[in-house]
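The structure file model27.txt is reproduced below (compact mmCIF, C-alpha atoms).
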```txt
# COMPACT_ATOMS: atom_id res chain seq x y z
CA MET A 40 0.00 0.00 0.00
CA GLU A 41 1.52 3.35 -1.09
CA HIS A 42 0.65 5.81 1.66
CA THR A 43 3.56 7.72 3.15
CA VAL A 44 3.82 7.98 6.91
CA GLU A 45 5.46 10.78 8.87
CA THR A 46 7.43 8.56 11.19
CA GLY A 47 8.23 9.24 14.80
CA LYS A 48 8.46 6.39 17.26
CA ILE A 49 8.58 2.94 15.66
CA LEU A 50 8.14 -0.31 17.55
CA ALA A 51 10.38 -2.97 16.01
CA MET A 52 10.41 -6.70 16.69
CA ASP A 53 11.83 -9.92 15.33
CA THR A 54 11.26 -13.47 16.57
CA SER A 55 12.63 -15.44 13.61
CA THR A 56 15.58 -16.90 15.54
CA LYS A 57 16.35 -18.00 19.09
CA THR A 58 16.89 -14.32 19.92
CA LEU A 59 13.82 -12.30 20.78
CA ALA A 60 14.70 -8.85 19.47
CA CYS A 61 12.65 -5.75 20.23
CA ALA A 62 13.39 -2.02 20.01
CA ILE A 63 11.92 1.44 19.85
CA VAL A 64 13.44 3.49 17.05
CA GLU A 65 12.95 7.21 16.45
CA LYS A 66 14.37 8.95 13.38
CA GLY A 67 16.91 6.21 12.84
CA GLN A 68 18.10 6.16 16.44
CA VAL A 69 17.54 3.25 18.81
CA ILE A 70 16.13 4.71 22.02
CA GLN A 71 15.41 1.39 23.75
CA ALA A 72 16.22 -2.21 22.86
CA SER A 73 16.01 -5.70 24.31
CA HIS A 74 17.65 -8.85 23.00
CA SER A 75 17.20 -12.11 24.86
CA ALA A 76 17.79 -15.76 24.06
CA ALA A 77 14.30 -17.06 24.68
CA GLU A 78 13.88 -19.87 22.18
CA ARG A 79 10.46 -21.52 22.46
CA ASN A 80 9.37 -18.79 24.89
CA HIS A 81 8.86 -15.98 22.39
CA ALA A 82 5.07 -16.18 22.61
CA LEU A 83 5.18 -15.71 26.39
CA LYS A 84 7.83 -13.00 26.53
CA LEU A 85 7.28 -10.74 23.53
CA ILE A 86 4.37 -8.59 24.72
CA PRO A 87 5.78 -8.12 28.27
CA ILE A 88 9.05 -6.93 26.72
CA VAL A 89 7.18 -4.53 24.44
CA GLN A 90 5.31 -3.15 27.45
CA GLU A 91 8.56 -2.80 29.40
CA LEU A 92 10.29 -0.84 26.64
CA LEU A 93 7.33 1.48 26.20
CA ALA A 94 7.19 2.06 29.97
CA LEU A 95 10.91 2.88 30.11
CA GLU A 96 10.31 5.73 27.65
CA ASN A 97 6.91 6.66 29.08
CA ILE A 98 5.28 6.01 25.71
CA ALA A 99 1.65 4.95 25.45
CA SER A 100 1.10 2.33 22.76
CA LYS A 101 -1.43 4.63 21.07
CA ASP A 102 1.35 7.20 20.61
CA LEU A 103 3.47 4.92 18.43
CA ASP A 104 3.70 6.04 14.81
CA GLY A 105 4.18 2.61 13.30
CA ILE A 106 5.29 -0.98 13.72
CA ALA A 107 8.12 -2.81 11.97
CA VAL A 108 8.36 -6.58 12.13
CA GLY A 109 10.75 -9.19 10.81
CA ILE A 110 8.65 -11.56 8.69
CA GLY A 111 11.29 -14.26 8.30
CA PRO A 112 12.39 -16.55 6.98
CA GLY A 113 13.57 -18.47 10.01
CA SER A 114 12.02 -20.60 12.71
CA TYR A 115 8.49 -21.47 11.59
CA THR A 116 6.99 -21.07 15.06
CA GLY A 117 9.14 -18.08 15.93
CA VAL A 118 8.34 -16.07 12.81
CA ARG A 119 4.65 -16.65 13.35
CA VAL A 120 4.82 -15.25 16.91
CA GLY A 121 6.25 -11.90 15.81
CA VAL A 122 4.00 -11.50 12.80
CA THR A 123 0.89 -12.35 14.80
CA ALA A 124 1.83 -9.85 17.51
CA ALA A 125 2.54 -7.11 14.96
CA LYS A 126 -0.69 -7.83 13.14
CA THR A 127 -2.70 -7.68 16.37
CA LEU A 128 -1.06 -4.46 17.56
CA ALA A 129 -1.42 -2.76 14.18
CA TRP A 130 -5.08 -3.75 13.96
CA THR A 131 -5.91 -2.80 17.55
CA LEU A 132 -4.02 0.50 17.56
CA ASP A 133 -4.80 1.37 13.93
CA LYS A 134 -1.11 1.83 13.13
CA PRO A 135 0.75 1.24 9.86
CA VAL A 136 3.00 -1.79 9.75
CA ALA A 137 6.15 -2.43 7.71
CA ALA A 138 7.18 -5.98 6.81
CA VAL A 139 10.97 -6.36 6.93
CA SER A 140 13.00 -9.33 5.72
CA SER A 141 14.67 -10.85 8.77
CA LEU A 142 17.61 -11.80 6.57
CA TYR A 143 18.00 -8.20 5.38
CA ALA A 144 18.10 -7.06 9.01
CA LEU A 145 20.67 -9.78 9.75
CA ALA A 146 22.79 -8.61 6.81
CA LEU A 147 22.63 -5.04 8.13
CA THR A 148 23.55 -6.23 11.62
CA GLY A 149 26.50 -8.21 10.30
CA ALA A 150 27.77 -5.30 8.22
CA ALA A 151 27.50 -2.95 11.20
CA GLN A 152 29.44 -5.33 13.43
CA ALA A 153 32.05 -5.77 10.71
CA GLU A 154 32.80 -2.02 10.51
CA SER A 155 36.53 -2.56 11.04
CA VAL A 156 36.58 -5.09 8.18
CA ILE A 157 34.77 -2.67 5.86
CA GLN A 158 37.03 0.20 6.92
CA ASP A 159 40.07 -1.83 5.82
CA LEU A 160 38.64 -2.75 2.40
CA PRO A 161 40.24 -1.21 -0.70
CA GLU A 162 38.55 2.03 -1.77
CA HIS A 163 36.67 0.54 -4.71
CA ALA A 164 35.92 -2.84 -3.15
CA LYS A 165 32.48 -4.39 -3.37
CA LEU A 166 31.24 -6.36 -0.37
CA ILE A 167 28.70 -9.14 -0.85
CA VAL A 168 26.94 -10.07 2.38
CA TYR A 169 25.37 -13.49 2.86
CA PRO A 170 23.17 -13.47 5.98
CA MET A 171 22.82 -16.98 7.37
CA MET A 172 20.32 -18.80 9.54
CA ASP A 173 20.80 -22.51 10.10
CA ALA A 174 18.05 -24.55 8.41
CA ARG A 175 19.57 -27.96 9.29
CA ARG A 176 20.66 -30.79 7.00
CA GLY A 177 23.42 -28.62 5.53
CA GLN A 178 20.94 -25.95 4.52
CA VAL A 179 20.72 -22.26 5.38
CA TYR A 180 18.17 -19.53 5.05
CA THR A 181 19.97 -16.85 3.10
CA GLY A 182 19.83 -14.12 0.49
CA SER A 183 22.60 -11.85 -0.70
CA PHE A 184 23.17 -8.12 -0.55
CA ALA A 185 25.97 -5.99 -1.98
CA GLY A 186 27.41 -2.57 -1.31
CA GLY A 187 30.47 -0.44 -1.94
CA ARG A 188 32.86 0.50 0.85
CA GLU A 189 31.96 4.19 1.16
CA LYS A 190 28.20 3.70 1.05
CA LEU A 191 28.44 0.89 3.59
CA LEU A 192 30.43 3.07 5.97
CA ARG A 193 27.83 5.85 5.66
CA LEU A 194 25.13 3.28 6.36
CA ILE A 195 26.62 1.73 9.47
CA ARG A 196 27.73 5.10 10.86
CA HIS A 197 24.17 6.44 10.43
CA GLN A 198 25.21 9.30 8.17
CA ASP A 199 22.37 10.69 6.04
CA GLU A 200 20.32 7.91 7.63
CA LEU A 201 17.53 7.07 5.18
CA ALA A 202 19.43 7.71 1.96
CA ALA A 203 22.34 5.64 3.24
CA LEU A 204 19.99 2.81 4.18
CA GLU A 205 18.36 2.85 0.77
CA GLU A 206 21.69 2.76 -1.07
CA GLY A 207 24.01 0.93 1.32
CA LEU A 208 23.10 -2.73 0.86
CA ILE A 209 21.31 -3.66 -2.35
CA ARG A 210 19.56 -7.01 -2.62
CA GLN A 211 21.18 -9.38 -5.11
CA ARG A 212 19.06 -12.50 -4.63
CA GLU A 213 15.80 -13.28 -2.89
CA ASP A 214 15.51 -14.97 0.49
CA GLU A 215 15.54 -18.73 0.18
CA ILE A 216 16.49 -22.00 1.81
CA ILE A 217 19.42 -23.64 0.06
CA LEU A 218 22.29 -26.05 0.63
CA PHE A 219 25.22 -24.05 1.94
CA GLU A 220 27.61 -25.85 -0.40
CA LYS A 221 25.79 -24.14 -3.29
CA ILE A 222 26.33 -20.75 -1.66
CA VAL A 223 30.04 -21.54 -1.26
CA MET A 224 30.27 -22.40 -4.97
CA GLN A 225 28.47 -19.18 -5.91
CA ALA A 226 30.73 -17.11 -3.64
CA ALA A 227 33.83 -18.77 -5.12
CA ASP A 228 32.63 -17.91 -8.63
CA GLN A 229 32.08 -14.28 -7.60
CA LEU A 230 35.55 -14.06 -6.07
CA GLN A 231 37.13 -15.52 -9.17
CA ALA A 232 35.16 -13.34 -11.59
CA GLU A 233 35.79 -9.98 -9.88
CA SER A 234 39.07 -9.15 -8.18
CA ASP A 235 37.54 -6.33 -6.12
CA VAL A 236 34.81 -8.52 -4.55
CA HIS A 237 34.92 -9.43 -0.87
CA ILE A 238 32.48 -11.82 0.84
CA LEU A 239 31.00 -11.51 4.33
CA PHE A 240 29.16 -14.44 5.89
CA ALA A 241 27.06 -13.08 8.77
CA GLY A 242 24.71 -14.61 11.31
CA GLU A 243 24.51 -18.24 12.41
CA THR A 244 27.84 -19.22 10.91
CA SER A 245 29.07 -21.90 13.32
CA PRO A 246 27.21 -24.87 11.73
CA GLN A 247 29.02 -24.06 8.46
CA GLN A 248 32.37 -23.17 10.02
CA GLU A 249 34.34 -25.88 8.20
CA ALA A 250 33.05 -24.90 4.76
CA ILE A 251 33.66 -21.21 5.45
CA GLU A 252 37.23 -21.87 6.61
CA ALA A 253 37.86 -23.82 3.40
CA ILE A 254 36.82 -20.92 1.16
CA GLN A 255 38.77 -18.52 3.40
CA ALA A 256 41.88 -20.64 2.92
CA ALA A 257 41.42 -20.52 -0.85
CA HIS A 258 40.85 -16.76 -1.06
CA ALA A 259 43.07 -15.34 1.69
CA ASP A 260 41.79 -12.05 3.08
CA ARG A 261 38.77 -11.63 0.79
CA VAL A 262 36.36 -13.82 2.79
CA HIS A 263 35.17 -12.54 6.16
CA LEU A 264 33.13 -14.02 8.97
CA MET A 265 30.83 -12.23 11.43
CA PRO A 266 28.81 -14.43 13.82
CA CYS A 267 25.90 -12.32 15.06
CA GLU A 268 22.22 -12.19 15.96
CA ILE A 269 19.64 -9.83 14.48
CA HIS A 270 19.60 -6.42 16.14
CA ALA A 271 16.08 -5.04 16.37
CA GLY A 272 17.39 -1.56 15.65
CA TRP A 273 17.93 -2.59 12.03
CA ILE A 274 14.40 -3.95 11.82
CA GLY A 275 13.26 -0.53 13.03
CA ARG A 276 15.46 1.49 10.67
CA ALA A 277 14.50 -0.61 7.65
CA GLY A 278 10.85 -0.42 8.70
CA GLU A 279 11.05 3.34 9.14
CA LEU A 280 12.31 3.71 5.57
CA LEU A 281 9.46 1.54 4.26
CA LEU A 282 6.91 3.57 6.23
CA ARG A 283 8.28 6.85 4.89
CA GLN A 284 8.14 5.46 1.37
CA GLY A 285 4.54 4.40 1.91
CA LYS A 286 5.43 0.72 1.54
CA THR A 287 3.14 -0.48 4.31
CA THR A 288 1.22 -3.72 4.60
CA PRO A 289 -2.43 -3.78 5.72
CA ALA A 290 -2.57 -5.58 9.06
CA HIS A 291 -4.92 -8.28 7.77
CA GLN A 292 -2.54 -9.01 4.86
CA LEU A 293 0.64 -9.31 6.95
CA GLU A 294 2.05 -12.81 6.47
CA PRO A 295 5.28 -14.60 7.41
CA ASN A 296 7.81 -15.55 4.76
CA TYR A 297 8.72 -19.12 5.58
CA ALA A 298 10.78 -19.57 2.37
CA GLN A 299 9.39 -23.09 2.26
CA LEU A 300 6.31 -24.98 3.29
CA THR A 301 6.71 -27.02 6.45
CA GLU A 302 6.16 -30.75 6.08
CA ALA A 303 2.90 -30.51 8.02
CA GLU A 304 1.71 -27.61 5.85
CA THR A 305 2.60 -29.47 2.67
CA LYS A 306 0.54 -32.46 3.79
CA LEU A 307 -2.35 -30.21 4.82
CA LYS A 308 -2.42 -28.45 1.45
CA ALA A 309 -2.35 -31.81 -0.32
CA ARG A 310 -5.32 -33.00 1.76
CA GLU A 311 -7.22 -29.77 1.11
CA GLN A 312 -6.60 -30.04 -2.61
CA ALA A 313 -7.70 -33.67 -2.65
CA ALA A 314 -10.86 -32.80 -0.70
CA SER A 315 -11.76 -30.01 -3.12
CA GLU A 316 -11.50 -32.22 -6.18
CA PRO A 317 -14.78 -33.79 -7.40
CA SER A 318 -15.01 -37.49 -6.70
```

As structure tokens, please, write out the structure in this file.
Amino acid sequence: MEHTVETGKILAMDTSTKTLACAIVEKGQVIQASHSAAERNHALKLIPIVQELLALENIASKDLDGIAVGIGPGSYTGVRVGVTAAKTLAWTLDKPVAAVSSLYALALTGAAQAESVIQDLPEHAKLIVYPMMDARRGQVYTGSFAGGREKLLRLIRHQDELAALEEGLIRQREDEIILFEKIVMQAADQLQAESDVHILFAGETSPQQEAIEAIQAAHADRVHLMPCEIHAGWIGRAGELLLRQGKTTPAHQLEPNYAQLTEAETKLKAREQAASEPS
């Protein structure tokens, strides 16, 4: 829906991983944040944390200007908790809501935490960021985003906030679930094809540590690693940009991005399709 919003205080949340991330962002600045490892307890803890952050800033929920939520992909149950909460709050409070890719927020978090790496890149280097969430069986949830050194530094240093965010990390491929070995092959091809390309793997990197170390060994100082968890501030900043651009989602249309159907959902859809077919 294209309806621009004059943003003030944005409530941001993400529950796509084991970390429950929540923040209040105002004009690109994080004024309160909470990050807790609460896997399988997100549904119980999210709203109390939201209430606590609002109370710390003496903000009534009705005075929020918008809501930003990570819509996944990631943990099936976790993603659903955050999206349901955002949908309910947006509907109840009549507030606009921005749907943010959790992987985009993870890429932003990783880039911000890798500031020293980016600072040391050659002037005309291009950094490709692969955010990673473990999807088991050798698979990861990932996408890819690319940016030049100077624009990335402006982005992570919050200079010219919204313009820097819009230009700093540009999506190269859509969020998906894929075997990590395929990502390694793609990254190796990129490194071989362009001498100024550097790669940053960010997020849940430890399950793929061996494969990452192998590509690091082959490409010396052009492959970088940044283990990290999503920071809700980046959900809020990305959401604020979407709200200002009018790229909001009606509360009743807000849906998670699972990047795949769960096995149970696949079976359910098959049963529903079979039931709808004439006998």

(Q) I'd like the interatomic distance between atom CA of A:Val262 and atom CA of A:Gly207, to a tenth of an Å. (A) 19.3 Å

Q) To one decimal place, how far is atom CA of A:Leu264 from atom CA of A:Pro161 in Å? A)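 Going from atom CA of A:Leu264 over to atom CA of A:Pro161, I get 17.6 Å.
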
Q: Quick one: everything within 12 Å of A:Gln71, counting all atoms listed in the file, minus sequence neighbours fewer than 6 positions away in the same chain. Send it as a ChimeraX atom specification.
A: /A:48-52,60-65,88-98,270-272,275

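With all atoms listed in the file as the basis for measurement, A:Ala124 is the residue among A:Ala226, A:Ala146, A:Ala124, A:Ile167 that approaches A:Ala82 most closely.
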
Q | Pick from A:Ser75, A:Thr123, A:Ser183, A:Thr244, whichever lies nearest to A:Leu293 using all atoms listed in the file | A |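 Answer, going by the shortest atom-to-atom distance: A:Thr123.
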
**Q.** Pick from A:Glu252, A:Asp104, A:Asp260, A:Glu233, whichever lies nearest to A:His163 using all atoms listed in the file
**A.** A:Glu233

Produce a table with one row for each residue of stretch 123-213 of chain A that has an atom at most 10 Å from any atom of stretch 114-119 of chain A, each row naming the nearest atom pair and its distance in Å at one decimal; use all atoms listed in the file; arrange rows by chain and rising residue number; format as a Markdown table.
```
| residue | atom | partner | partner_atom | distance |
| --- | --- | --- | --- | --- |
| A:Thr123 | CA | A:Arg119 | CA | 5.9 |
| A:Ala124 | CA | A:Arg119 | CA | 8.5 |
| A:Ala125 | CA | A:Arg119 | CA | 9.9 |
| A:Ser141 | CA | A:Val118 | CA | 9.1 |
| A:Met172 | CA | A:Ser114 | CA | 9.1 |
| A:Asp173 | CA | A:Ser114 | CA | 9.4 |
| A:Ala174 | CA | A:Ser114 | CA | 8.4 |
| A:Tyr180 | CA | A:Ser114 | CA | 9.9 |
```

Kindly export the residues of the current selection with C-alpha atoms, as a tab-separated table (two decimals), keeping the file's coordinate frame.
```
chain	number	residue	atom	x	y	z
A	123	THR	CA	0.89	-12.35	14.80
A	124	ALA	CA	1.83	-9.85	17.51
A	125	ALA	CA	2.54	-7.11	14.96
A	141	SER	CA	14.67	-10.85	8.77
A	172	MET	CA	20.32	-18.80	9.54
A	173	ASP	CA	20.80	-22.51	10.10
A	174	ALA	CA	18.05	-24.55	8.41
A	180	TYR	CA	18.17	-19.53	5.05
```

**Q.** Point-to-point distance from atom CA of A:Ala241 to atom CA of A:Val120, Å rounded to tenths
**A.**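 Distance reported for this atom pair: 23.8 Å.
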
Q: Return the single residue from A:Glu154, A:Asp159, A:Asp53, A:Asp214 that is closest to A:Gly121, with distances computed using only C-alpha atoms.
A: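 Looking at the shortest contact to A:Gly121, the residue is A:Asp53.
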
Q) For the point (18.5, -12.9, -3.2) in file coordinates, what residues are within 9 Å, counting all atoms listed in the file? Give the answer as a list in words? A)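 The residues near that point, listed by chain and number, are Thr181, Gly182, Ser183, Phe184, Arg210, Gln211, Arg212, Glu213, Asp214 and Glu215 of chain A.
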
Q | Pick from A:Met224, A:Leu83, A:Leu147, A:Val236, whichever lies nearest to A:Gly187 using all atoms listed in the file | A |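 When distances to A:Gly187 are compared using all atoms listed in the file, the smallest one comes from A:Val236.
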
(Q) Here is a test: counting all atoms listed in the file, which residue of A:Ala298, A:Glu206, A:Leu230, A:Gly177 is nearest to A:Glu249? (A) A:Gly177

Q: Mind checking which residues fall within 10 Å of A:Glu243, counting all atoms listed in the file, ignoring those fewer than 2 positions away in the same chain, and posting them as a ChimeraX atom specification?
A: /A:56,145,170-174,179-180,240-241,245-248,265-269

Would you mind completing stretch 123-148 of chain A to N, CA and C atoms and writing the output as a PDB file, in the coordinates of the input?
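out.pdb, written as the output of this step:
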```
ATOM      1  N   THR A 123       2.213 -12.397  14.166  1.00  0.00           N
ATOM      2  CA  THR A 123       0.890 -12.350  14.800  1.00  0.00           C
ATOM      3  C   THR A 123       0.790 -11.188  15.776  1.00  0.00           C
ATOM      4  N   ALA A 124       1.840 -10.968  16.558  1.00  0.00           N
ATOM      5  CA  ALA A 124       1.830  -9.850  17.510  1.00  0.00           C
ATOM      6  C   ALA A 124       1.759  -8.515  16.783  1.00  0.00           C
ATOM      7  N   ALA A 125       2.550  -8.362  15.721  1.00  0.00           N
ATOM      8  CA  ALA A 125       2.540  -7.110  14.960  1.00  0.00           C
ATOM      9  C   ALA A 125       1.184  -6.870  14.313  1.00  0.00           C
ATOM     10  N   LYS A 126       0.623  -7.934  13.772  1.00  0.00           N
ATOM     11  CA  LYS A 126      -0.690  -7.830  13.140  1.00  0.00           C
ATOM     12  C   LYS A 126      -1.747  -7.392  14.152  1.00  0.00           C
ATOM     13  N   THR A 127      -1.714  -8.004  15.324  1.00  0.00           N
ATOM     14  CA  THR A 127      -2.700  -7.680  16.370  1.00  0.00           C
ATOM     15  C   THR A 127      -2.545  -6.243  16.850  1.00  0.00           C
ATOM     16  N   LEU A 128      -1.299  -5.824  17.101  1.00  0.00           N
ATOM     17  CA  LEU A 128      -1.060  -4.460  17.560  1.00  0.00           C
ATOM     18  C   LEU A 128      -1.466  -3.434  16.503  1.00  0.00           C
ATOM     19  N   ALA A 129      -1.091  -3.698  15.256  1.00  0.00           N
ATOM     20  CA  ALA A 129      -1.420  -2.760  14.180  1.00  0.00           C
ATOM     21  C   ALA A 129      -2.927  -2.628  14.013  1.00  0.00           C
ATOM     22  N   TRP A 130      -3.624  -3.748  14.109  1.00  0.00           N
ATOM     23  CA  TRP A 130      -5.080  -3.750  13.960  1.00  0.00           C
ATOM     24  C   TRP A 130      -5.739  -3.036  15.143  1.00  0.00           C
ATOM     25  N   THR A 131      -5.297  -3.363  16.340  1.00  0.00           N
ATOM     26  CA  THR A 131      -5.910  -2.800  17.550  1.00  0.00           C
ATOM     27  C   THR A 131      -5.647  -1.307  17.684  1.00  0.00           C
ATOM     28  N   LEU A 132      -4.414  -0.898  17.382  1.00  0.00           N
ATOM     29  CA  LEU A 132      -4.020   0.500  17.560  1.00  0.00           C
ATOM     30  C   LEU A 132      -4.234   1.349  16.309  1.00  0.00           C
ATOM     31  N   ASP A 133      -4.624   0.695  15.217  1.00  0.00           N
ATOM     32  CA  ASP A 133      -4.800   1.370  13.930  1.00  0.00           C
ATOM     33  C   ASP A 133      -3.508   2.077  13.509  1.00  0.00           C
ATOM     34  N   LYS A 134      -2.421   1.298  13.496  1.00  0.00           N
ATOM     35  CA  LYS A 134      -1.110   1.830  13.130  1.00  0.00           C
ATOM     36  C   LYS A 134      -0.610   1.150  11.853  1.00  0.00           C
ATOM     37  N   PRO A 135       0.167   1.866  11.041  1.00  0.00           N
ATOM     38  CA  PRO A 135       0.750   1.240   9.860  1.00  0.00           C
ATOM     39  C   PRO A 135       1.835   0.245  10.257  1.00  0.00           C
ATOM     40  N   VAL A 136       2.000  -0.774   9.445  1.00  0.00           N
ATOM     41  CA  VAL A 136       3.000  -1.790   9.750  1.00  0.00           C
ATOM     42  C   VAL A 136       3.888  -2.019   8.527  1.00  0.00           C
ATOM     43  N   ALA A 137       5.175  -2.166   8.770  1.00  0.00           N
ATOM     44  CA  ALA A 137       6.150  -2.430   7.710  1.00  0.00           C
ATOM     45  C   ALA A 137       6.698  -3.834   7.879  1.00  0.00           C
ATOM     46  N   ALA A 138       6.662  -4.609   6.807  1.00  0.00           N
ATOM     47  CA  ALA A 138       7.180  -5.980   6.810  1.00  0.00           C
ATOM     48  C   ALA A 138       8.633  -5.957   6.346  1.00  0.00           C
ATOM     49  N   VAL A 139       9.538  -6.405   7.206  1.00  0.00           N
ATOM     50  CA  VAL A 139      10.970  -6.360   6.930  1.00  0.00           C
ATOM     51  C   VAL A 139      11.524  -7.775   6.825  1.00  0.00           C
ATOM     52  N   SER A 140      12.319  -8.037   5.815  1.00  0.00           N
ATOM     53  CA  SER A 140      13.000  -9.330   5.720  1.00  0.00           C
ATOM     54  C   SER A 140      13.944  -9.494   6.910  1.00  0.00           C
ATOM     55  N   SER A 141      13.771 -10.585   7.648  1.00  0.00           N
ATOM     56  CA  SER A 141      14.670 -10.850   8.770  1.00  0.00           C
ATOM     57  C   SER A 141      16.107 -11.047   8.294  1.00  0.00           C
ATOM     58  N   LEU A 142      16.263 -11.605   7.102  1.00  0.00           N
ATOM     59  CA  LEU A 142      17.610 -11.800   6.570  1.00  0.00           C
ATOM     60  C   LEU A 142      18.255 -10.475   6.174  1.00  0.00           C
ATOM     61  N   TYR A 143      17.462  -9.538   5.681  1.00  0.00           N
ATOM     62  CA  TYR A 143      18.000  -8.200   5.380  1.00  0.00           C
ATOM     63  C   TYR A 143      18.485  -7.543   6.665  1.00  0.00           C
ATOM     64  N   ALA A 144      17.684  -7.640   7.721  1.00  0.00           N
ATOM     65  CA  ALA A 144      18.100  -7.060   9.010  1.00  0.00           C
ATOM     66  C   ALA A 144      19.352  -7.748   9.538  1.00  0.00           C
ATOM     67  N   LEU A 145      19.469  -9.054   9.316  1.00  0.00           N
ATOM     68  CA  LEU A 145      20.670  -9.780   9.750  1.00  0.00           C
ATOM     69  C   LEU A 145      21.885  -9.336   8.941  1.00  0.00           C
ATOM     70  N   ALA A 146      21.691  -9.105   7.645  1.00  0.00           N
ATOM     71  CA  ALA A 146      22.790  -8.610   6.810  1.00  0.00           C
ATOM     72  C   ALA A 146      23.253  -7.230   7.279  1.00  0.00           C
ATOM     73  N   LEU A 147      22.298  -6.365   7.614  1.00  0.00           N
ATOM     74  CA  LEU A 147      22.630  -5.040   8.130  1.00  0.00           C
ATOM     75  C   LEU A 147      23.374  -5.136   9.463  1.00  0.00           C
ATOM     76  N   THR A 148      22.892  -6.025  10.332  1.00  0.00           N
ATOM     77  CA  THR A 148      23.550  -6.230  11.620  1.00  0.00           C
ATOM     78  C   THR A 148      24.988  -6.698  11.429  1.00  0.00           C
TER      79      THR A 148
END
```
